[in-house]
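With compact mmCIF, C-alpha atoms inside, this is coords-v7.txt:
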```
# COMPACT_ATOMS: atom_id res chain seq x y z
CA MET A 22 -89.55 25.57 0.01
CA SER A 23 -89.58 21.86 -0.77
CA LEU A 24 -86.93 19.41 0.34
CA TYR A 25 -86.03 18.89 -3.31
CA TYR A 26 -85.08 22.52 -3.78
CA TRP A 27 -83.12 22.61 -0.51
CA SER A 28 -81.13 19.55 -1.56
CA TRP A 29 -80.46 21.17 -4.95
CA ILE A 30 -79.14 24.34 -3.28
CA VAL A 31 -76.93 22.39 -0.87
CA ARG A 32 -75.55 20.27 -3.69
CA GLY A 33 -74.88 23.34 -5.81
CA TRP A 34 -73.10 25.07 -2.93
CA GLY A 35 -71.02 21.94 -2.40
CA GLU A 36 -69.97 21.98 -6.03
CA VAL A 37 -68.94 25.65 -5.69
CA VAL A 38 -66.87 24.87 -2.61
CA LEU A 39 -65.29 21.84 -4.29
CA THR A 40 -64.50 23.83 -7.42
CA SER A 41 -63.03 26.62 -5.32
CA GLY A 42 -60.87 24.08 -3.52
CA ARG A 43 -59.67 22.66 -6.82
CA LEU A 44 -58.81 26.12 -8.08
CA ARG A 45 -56.84 26.85 -4.91
CA LEU A 46 -54.96 23.56 -5.31
CA VAL A 47 -54.18 24.31 -8.95
CA ALA A 48 -53.02 27.80 -8.00
CA CYS A 49 -50.74 26.36 -5.31
CA LEU A 50 -49.30 23.82 -7.72
CA LEU A 51 -48.66 26.44 -10.37
CA ALA A 52 -47.10 28.71 -7.77
CA GLY A 53 -44.81 25.84 -6.84
CA VAL A 54 -43.78 25.38 -10.44
CA LEU A 55 -43.12 29.08 -10.93
CA SER A 56 -41.29 29.27 -7.62
CA GLY A 57 -39.09 26.32 -8.52
CA MET A 58 -38.29 27.75 -11.94
CA GLY A 59 -38.05 31.44 -11.16
CA THR A 60 -36.64 31.59 -7.67
CA ALA A 61 -33.11 30.32 -7.30
CA SER A 62 -30.74 29.66 -4.48
CA ALA A 63 -27.12 30.76 -4.68
CA GLN A 64 -25.50 29.87 -8.00
CA THR A 65 -23.33 26.77 -8.01
CA ILE A 66 -20.27 25.99 -10.12
CA THR A 67 -19.86 22.29 -10.87
CA LEU A 68 -16.49 21.39 -12.39
CA TYR A 69 -16.50 18.44 -14.76
CA SER A 70 -12.86 18.48 -15.88
CA ASN A 71 -9.96 20.77 -16.76
CA SER A 72 -6.91 20.58 -18.98
CA GLY A 73 -4.40 20.60 -16.13
CA GLY A 74 -2.69 23.86 -16.90
CA SER A 75 -2.15 23.40 -20.64
CA ASN A 76 -4.06 24.48 -23.73
CA THR A 77 -5.63 21.08 -24.44
CA LEU A 78 -9.20 19.79 -24.41
CA PRO A 79 -10.46 18.70 -20.96
CA ALA A 80 -11.26 14.99 -20.84
CA ASN A 81 -14.72 13.43 -20.40
CA ILE A 82 -16.95 16.43 -21.08
CA PRO A 83 -20.44 15.18 -20.09
CA PHE A 84 -22.45 17.53 -22.30
CA THR A 85 -22.93 18.19 -26.00
CA ILE A 86 -21.23 21.24 -27.47
CA LEU A 87 -23.45 23.58 -29.49
CA ASN A 88 -22.37 22.95 -33.08
CA LEU A 89 -22.37 26.17 -35.11
CA GLY A 90 -21.36 24.39 -38.32
CA THR A 91 -18.42 22.75 -40.02
CA ASN A 92 -15.44 24.91 -40.86
CA ASN A 93 -13.06 23.64 -43.53
CA THR A 94 -10.36 26.25 -43.05
CA GLY A 95 -8.26 26.00 -39.90
CA ASN A 96 -6.94 28.80 -37.71
CA THR A 97 -9.28 31.45 -39.00
CA GLU A 98 -11.74 34.16 -37.99
CA VAL A 99 -14.94 32.60 -39.28
CA GLN A 100 -17.58 35.27 -38.70
CA THR A 101 -18.04 38.55 -36.82
CA SER A 102 -21.63 39.19 -37.93
CA ALA A 103 -24.54 37.85 -35.85
CA VAL A 104 -25.20 34.13 -35.81
CA THR A 105 -28.81 33.08 -36.49
CA SER A 106 -30.54 29.99 -37.86
CA THR A 107 -29.96 31.24 -41.41
CA SER A 108 -26.57 32.96 -41.18
CA SER A 109 -23.49 31.68 -43.00
CA PRO A 110 -21.01 30.10 -42.68
CA ALA A 111 -21.77 29.71 -38.93
CA LYS A 112 -25.43 29.18 -38.01
CA LEU A 113 -27.55 28.03 -35.10
CA PRO A 114 -28.70 24.41 -35.18
CA THR A 115 -32.40 23.54 -35.11
CA GLY A 116 -33.82 23.21 -31.61
CA SER A 117 -30.96 25.07 -29.93
CA GLU A 118 -33.35 27.27 -27.84
CA ILE A 119 -31.20 30.21 -28.96
CA SER A 120 -32.54 32.85 -31.34
CA LYS A 121 -29.39 34.87 -31.93
CA ILE A 122 -25.74 35.30 -30.97
CA ALA A 123 -24.56 38.88 -31.46
CA PHE A 124 -21.10 40.41 -31.11
CA GLY A 125 -19.80 43.70 -29.77
CA GLN A 126 -16.31 44.52 -30.99
CA GLY A 127 -13.47 45.43 -28.67
CA SER A 128 -9.83 46.19 -29.36
CA THR A 129 -9.62 42.63 -30.77
CA PRO A 130 -12.47 41.02 -32.76
CA SER A 131 -15.44 39.23 -31.23
CA GLY A 132 -17.09 36.47 -33.23
CA VAL A 133 -16.84 32.86 -34.34
CA PHE A 134 -13.33 31.44 -34.67
CA ALA A 135 -11.76 28.13 -35.60
CA GLY A 136 -8.38 27.16 -34.18
CA GLY A 137 -5.87 29.68 -32.90
CA VAL A 138 -5.64 33.12 -34.52
CA SER A 139 -2.50 35.00 -33.46
CA GLY A 140 -3.21 38.09 -31.36
CA LYS A 141 -6.96 37.43 -31.37
CA ALA A 142 -8.07 34.09 -29.92
CA ALA A 143 -6.96 30.63 -28.79
CA SER A 144 -9.22 27.60 -29.20
CA PRO A 145 -10.74 26.14 -26.00
CA PHE A 146 -10.55 22.78 -27.79
CA GLY A 147 -6.76 22.88 -27.56
CA SER A 148 -3.84 24.10 -29.65
CA THR A 149 -3.93 21.09 -31.99
CA ASN A 150 -7.59 21.57 -32.95
CA THR A 151 -7.58 24.00 -35.85
CA LYS A 152 -11.11 23.60 -37.28
CA THR A 153 -13.79 23.29 -34.58
CA ASP A 154 -15.82 26.49 -34.28
CA TYR A 155 -16.02 28.38 -30.97
CA LEU A 156 -17.04 31.83 -29.75
CA ALA A 157 -14.84 34.65 -28.48
CA ALA A 158 -15.47 38.01 -26.83
CA GLY A 159 -12.57 40.17 -27.97
CA GLY A 160 -10.26 41.88 -25.51
CA GLY A 161 -10.80 45.55 -24.75
CA ASN A 162 -14.52 45.35 -23.90
CA GLY A 163 -15.62 42.93 -26.59
CA THR A 164 -18.90 41.09 -25.98
CA VAL A 165 -20.87 38.05 -27.06
CA THR A 166 -24.63 38.29 -26.38
CA VAL A 167 -26.65 35.07 -26.49
CA SER A 168 -30.45 35.41 -26.67
CA TYR A 169 -32.57 32.40 -25.67
CA THR A 170 -36.09 31.56 -26.82
CA VAL A 171 -36.77 29.68 -23.56
CA ALA A 172 -35.77 30.90 -20.09
CA GLN A 173 -32.78 28.99 -18.70
CA ASP A 174 -31.59 28.33 -15.14
CA ALA A 175 -28.28 26.58 -15.82
CA LEU A 176 -25.38 26.89 -18.24
CA GLN A 177 -22.94 24.25 -19.44
CA ILE A 178 -19.82 25.65 -21.02
CA LEU A 179 -16.31 24.82 -22.19
CA TRP A 180 -14.42 27.83 -20.80
CA GLY A 181 -11.16 28.48 -22.61
CA SER A 182 -7.89 29.75 -21.10
CA VAL A 183 -9.44 30.94 -17.83
CA ASP A 184 -8.03 34.27 -16.68
CA ASN A 185 -7.86 34.59 -12.91
CA SER A 186 -9.45 38.03 -12.94
CA THR A 187 -12.75 39.67 -12.07
CA THR A 188 -12.77 41.68 -15.32
CA SER A 189 -11.08 39.58 -18.03
CA ASN A 190 -13.67 36.78 -18.33
CA VAL A 191 -17.16 37.76 -17.19
CA ILE A 192 -20.56 36.11 -17.74
CA THR A 193 -23.63 38.19 -16.88
CA PHE A 194 -27.00 36.43 -16.73
CA LYS A 195 -30.04 38.63 -17.45
CA ALA A 196 -33.78 38.04 -17.09
CA ALA A 197 -36.24 38.95 -19.84
CA ASN A 198 -36.76 42.40 -18.28
CA GLY A 199 -33.02 43.12 -18.38
CA THR A 200 -32.42 42.55 -14.66
CA THR A 201 -29.09 40.89 -13.82
CA VAL A 202 -29.78 37.60 -12.03
CA GLY A 203 -26.21 36.31 -11.76
CA THR A 204 -22.57 36.98 -12.56
CA VAL A 205 -19.59 34.64 -12.83
CA THR A 206 -16.00 35.75 -13.48
CA GLY A 207 -12.70 34.09 -14.28
CA ALA A 208 -11.70 34.60 -10.66
CA ASP A 209 -14.71 32.49 -9.57
CA ILE A 210 -13.63 29.65 -11.87
CA ALA A 211 -10.02 29.92 -10.72
CA ALA A 212 -11.14 29.65 -7.10
CA ALA A 213 -13.25 26.58 -7.91
CA VAL A 214 -10.37 24.85 -9.76
CA GLY A 215 -7.78 25.75 -7.14
CA SER A 216 -4.02 25.32 -7.45
CA GLY A 217 -4.33 23.24 -10.62
CA LEU A 218 -5.28 26.26 -12.69
CA VAL A 219 -2.71 28.15 -14.75
CA SER A 220 -4.18 31.57 -15.51
CA GLY A 221 -4.47 32.20 -19.25
CA LYS A 222 -3.93 28.52 -20.21
CA THR A 223 -6.25 26.10 -18.42
CA ASN A 224 -9.46 25.12 -20.23
CA VAL A 225 -12.36 24.01 -18.02
CA ALA A 226 -15.63 22.15 -18.68
CA LEU A 227 -18.25 23.12 -16.12
CA ARG A 228 -21.88 23.75 -15.24
CA ILE A 229 -23.27 26.88 -13.60
CA SER A 230 -26.63 26.22 -11.94
CA GLY A 231 -28.92 27.63 -9.25
CA LEU A 232 -29.72 30.66 -11.40
CA ALA A 233 -33.03 32.49 -11.55
CA GLY A 234 -34.51 32.20 -15.03
CA TYR A 235 -32.39 34.10 -17.53
CA SER A 236 -33.10 34.88 -21.18
CA THR A 237 -29.82 36.53 -22.14
CA LEU A 238 -26.13 35.85 -21.58
CA VAL A 239 -23.54 38.57 -21.99
CA LEU A 240 -19.97 37.29 -22.07
CA SER A 241 -17.34 40.01 -22.00
CA ASP A 242 -13.67 40.81 -21.57
CA ALA A 243 -12.56 44.24 -20.41
CA ASN A 244 -8.82 43.57 -20.66
CA ALA A 245 -6.38 42.65 -23.42
CA ALA A 246 -7.01 38.90 -23.49
CA ALA A 247 -10.05 37.46 -25.28
CA PHE A 248 -12.73 35.31 -23.61
CA GLU A 249 -12.94 32.10 -25.68
CA PHE A 250 -15.62 29.48 -25.04
CA ALA A 251 -17.99 26.91 -26.50
CA LEU A 252 -21.55 26.64 -25.25
CA GLY A 253 -23.15 23.39 -24.19
CA LYS A 254 -26.62 22.62 -25.50
CA PRO A 255 -29.32 23.92 -23.13
CA VAL A 256 -30.76 21.29 -20.76
CA PRO A 257 -33.60 21.47 -18.23
CA GLU A 258 -32.56 22.06 -14.63
CA PRO A 259 -33.29 18.87 -12.60
CA ALA A 260 -34.96 20.78 -9.76
CA SER A 261 -37.39 22.41 -12.16
CA ILE A 262 -38.25 19.05 -13.70
CA GLY A 263 -39.01 17.64 -10.25
CA VAL A 264 -41.26 20.51 -9.23
CA PHE A 265 -43.08 20.38 -12.56
CA ALA A 266 -43.61 16.62 -12.20
CA VAL A 267 -45.14 17.11 -8.75
CA ALA A 268 -47.47 19.75 -10.15
CA VAL A 269 -48.57 17.53 -13.03
CA ALA A 270 -49.14 14.63 -10.65
CA GLY A 271 -51.25 16.86 -8.40
CA LEU A 272 -53.38 18.05 -11.32
CA GLY A 273 -53.85 14.44 -12.37
CA PHE A 274 -55.01 13.55 -8.85
CA VAL A 275 -57.56 16.35 -8.87
CA SER A 276 -58.89 15.19 -12.24
CA LEU A 277 -59.02 11.54 -11.14
CA ARG A 278 -60.83 12.43 -7.89
CA GLY A 279 -63.42 14.32 -9.88
CA ARG A 280 -64.02 11.41 -12.22
CA VAL A 281 -64.34 8.91 -9.35
CA ARG A 282 -66.79 11.16 -7.52
CA ARG A 283 -68.96 11.56 -10.63
CA ALA A 284 -68.88 7.81 -11.24
CA ARG A 285 -70.06 7.10 -7.70
CA SER A 286 -72.92 9.56 -7.92
CA ALA A 287 -74.07 8.27 -11.31
CA PRO A 288 -77.44 6.39 -11.21
```

Encoding of this model in structure tokens:
Amino acid sequence: MSLYYWSWIVRGWGEVVLTSGRLRLVACLLAGVLSGMGTASAQTITLYSNSGGSNTLPANIPFTILNLGTNNTGNTEVQTSAVTSTSSPAKLPTGSEISKIAFGQGSTPSGVFAGGVSGKAASPFGSTNTKTDYLAAGGGNGTVTVSYTVAQDALQILWGSVDNSTTSNVITFKAANGTTVGTVTGADIAAAVGSGLVSGKTNVALRISGLAGYSTLVLSDANAAAFEFALGKPVPEPASIGVFAVAVAGLGFVSLRGRVRRARSAP
């Protein structure tokens, strides 16, 4: 066999090895991305502010509240049917990354409220705010189920009148396959706030992070009191952004190396 053919075979084998190496690198980078987004450490509660034991709005909330619409009638039960992008009067805003908010009724109604409604719900925005919409899981096993179009790994929330209980205010985070990937209760929030919390009155703005990717939230209340809250707009988890950036940079390096090598070997 001529030297020409031997050199052709060696070169071809080198390309196979190089391609294989690239594929392994890409696989490792993608595994890193998936690991960073799908594998979480212990969940973390970050307190932004609280209302100091009274039913007022916490100061300096560093996230945007999910706006379900403008309600012109104060102190009212706005809607108990599911909230979607086309529902009325409450509806999901464009780009919310949420497909639907559904309600399961308890001994008191679950749904969208505005202001305080006697015997049913108290606004997390404070007793003087009578018109800003919020969500409530009714007492006696009422639920609010939030379905996301994009997997999330953090939640920002204005949590109203925190009940220091493991059953009154409960958030269950579920993956796309229905597996529970995290749970936070009113007792967890009370422990994080400490002595400044007055059970059943203090409103808290906070972030829950370090969660494995979840696609569904179930907020519930097994006791007499309702679980009132307002969701923050979904935001990417910083750790996931960092891992993704590293992966993209690595892919760019592989592509650049290939281009440089081809340019050098060009006649």

The distance between atom CA of Phe248 of chain A and atom CA of Gly159 of chain A is 6.5 Å

As JSON, what would the box around segment 166-172 of chain A look like: edges along x, y and z, 4 Å added on every side, centre and edge lengths in Å to one decimal?
```
{"center_x": -30.7, "center_y": 34.0, "center_z": -23.5, "size_x": 20.1, "size_y": 16.6, "size_z": 14.7}
```

Give the answer as one residue: which of A:Phe124, A:Phe146, A:Tyr169, A:Tyr235 has the shortest atom-to-atom distance to Asn76 of chain A, using all atoms listed in the file?
A:Phe146

Atom CA of Thr200 of chain A and atom CA of Ala233 of chain A, how far apart in Å?
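It comes out at 10.5 Å.
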
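Summary of the local environment: counting only C-alpha atoms, residues at most 8 Å from Ile82 of chain A, other than itself and those fewer than 5 positions away along its chain, are A:Tyr69, A:Ser70, A:Ala226.
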
Keeping only C-alpha atoms, write those residues as a PDB file, keeping the file's coordinate frame.
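File produced: again.pdb:
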```pdb
ATOM      1  CA  TYR A  69     -16.500  18.440 -14.760  1.00  0.00           C
ATOM      2  CA  SER A  70     -12.860  18.480 -15.880  1.00  0.00           C
ATOM      3  CA  ALA A 226     -15.630  22.150 -18.680  1.00  0.00           C
TER       4      ALA A 226
END
```

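For the choices A:Asp242, A:Pro79, A:Ser236, A:Gly140, the atom-to-atom distance to Ala158 of chain A is smallest for A:Asp242 when using only C-alpha atoms.
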
Given only C-alpha atoms, how would the per-residue table for segment 107-201 of chain A near segment 84-91 of chain A read, listing every residue at most 9 Å away with its closest atom pair and distance in Å to one decimal, sorted by chain and number, as CSV?
```
residue,atom,partner,partner_atom,distance
A:Ser109,CA,A:Gly90,CA,8.9
A:Pro110,CA,A:Gly90,CA,7.2
A:Ala111,CA,A:Leu89,CA,5.2
A:Lys112,CA,A:Leu89,CA,5.2
A:Leu113,CA,A:Leu89,CA,5.5
A:Pro114,CA,A:Leu89,CA,6.6
A:Ser117,CA,A:Leu87,CA,7.7
A:Val133,CA,A:Leu89,CA,8.7
A:Lys152,CA,A:Thr91,CA,7.9
A:Thr153,CA,A:Thr91,CA,7.2
A:Asp154,CA,A:Leu89,CA,6.6
A:Tyr155,CA,A:Leu89,CA,7.9
A:Gln177,CA,A:Phe84,CA,7.3
A:Ile178,CA,A:Ile86,CA,7.9
A:Leu179,CA,A:Ile86,CA,8.1
```

Can I get the selection written as a JSON list (two decimals), in the coordinates of the input, with C-alpha atoms?
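Output saved as again.json:
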```json
[["chain", "number", "residue", "atom", "x", "y", "z"],
["A", 109, "SER", "CA", -23.49, 31.68, -43.00],
["A", 110, "PRO", "CA", -21.01, 30.10, -42.68],
["A", 111, "ALA", "CA", -21.77, 29.71, -38.93],
["A", 112, "LYS", "CA", -25.43, 29.18, -38.01],
["A", 113, "LEU", "CA", -27.55, 28.03, -35.10],
["A", 114, "PRO", "CA", -28.70, 24.41, -35.18],
["A", 117, "SER", "CA", -30.96, 25.07, -29.93],
["A", 133, "VAL", "CA", -16.84, 32.86, -34.34],
["A", 152, "LYS", "CA", -11.11, 23.60, -37.28],
["A", 153, "THR", "CA", -13.79, 23.29, -34.58],
["A", 154, "ASP", "CA", -15.82, 26.49, -34.28],
["A", 155, "TYR", "CA", -16.02, 28.38, -30.97],
["A", 177, "GLN", "CA", -22.94, 24.25, -19.44],
["A", 178, "ILE", "CA", -19.82, 25.65, -21.02],
["A", 179, "LEU", "CA", -16.31, 24.82, -22.19]]
```

To one decimal in Å, tell me the separation between atom CA of Thr164 of chain A and atom CA of Ala123 of chain A.
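Taking atom CA of Thr164 of chain A and atom CA of Ala123 of chain A, their separation equals 8.2 Å.
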
Which residues are near Ile192 of chain A? Cut-off 9 Å, all atoms listed in the file, ignore same chain within fewer than 5 positions. Put them as a list in words.
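In the requested form, the answer reads Gly203, Thr204, Val205, Thr206, Gly207, Leu238, Val239, Leu240 and Ser241 of chain A.
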
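Of the listed residues A:Thr151, A:Ser139, A:Thr94, A:Gln173, the one whose atoms come nearest to Pro255 of chain A is A:Gln173, with distances taken using all atoms listed in the file.
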
Do you know which residues lie at most 12 Å from (-7.8, 28.6, -16.9), with coordinates as in the file and only C-alpha atoms counted, and could you write them as number ranges by chain?
A: 70-79, 145, 179-186, 189-190, 206-227, 248-250

Counting all atoms listed in the file, the option among A:Thr67, A:Ser144, A:Thr193, A:Ser102 closest to Pro83 of chain A
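Closest to Pro83 of chain A, using all atoms listed in the file: A:Thr67.
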
From (-13.8, 45.5, -23.8), in the file's coordinates, out to 6 Å: which residues are reached, counting only C-alpha atoms? Answer as an MDAnalysis selection string.
chainID A and resid 127 160:163 242:243
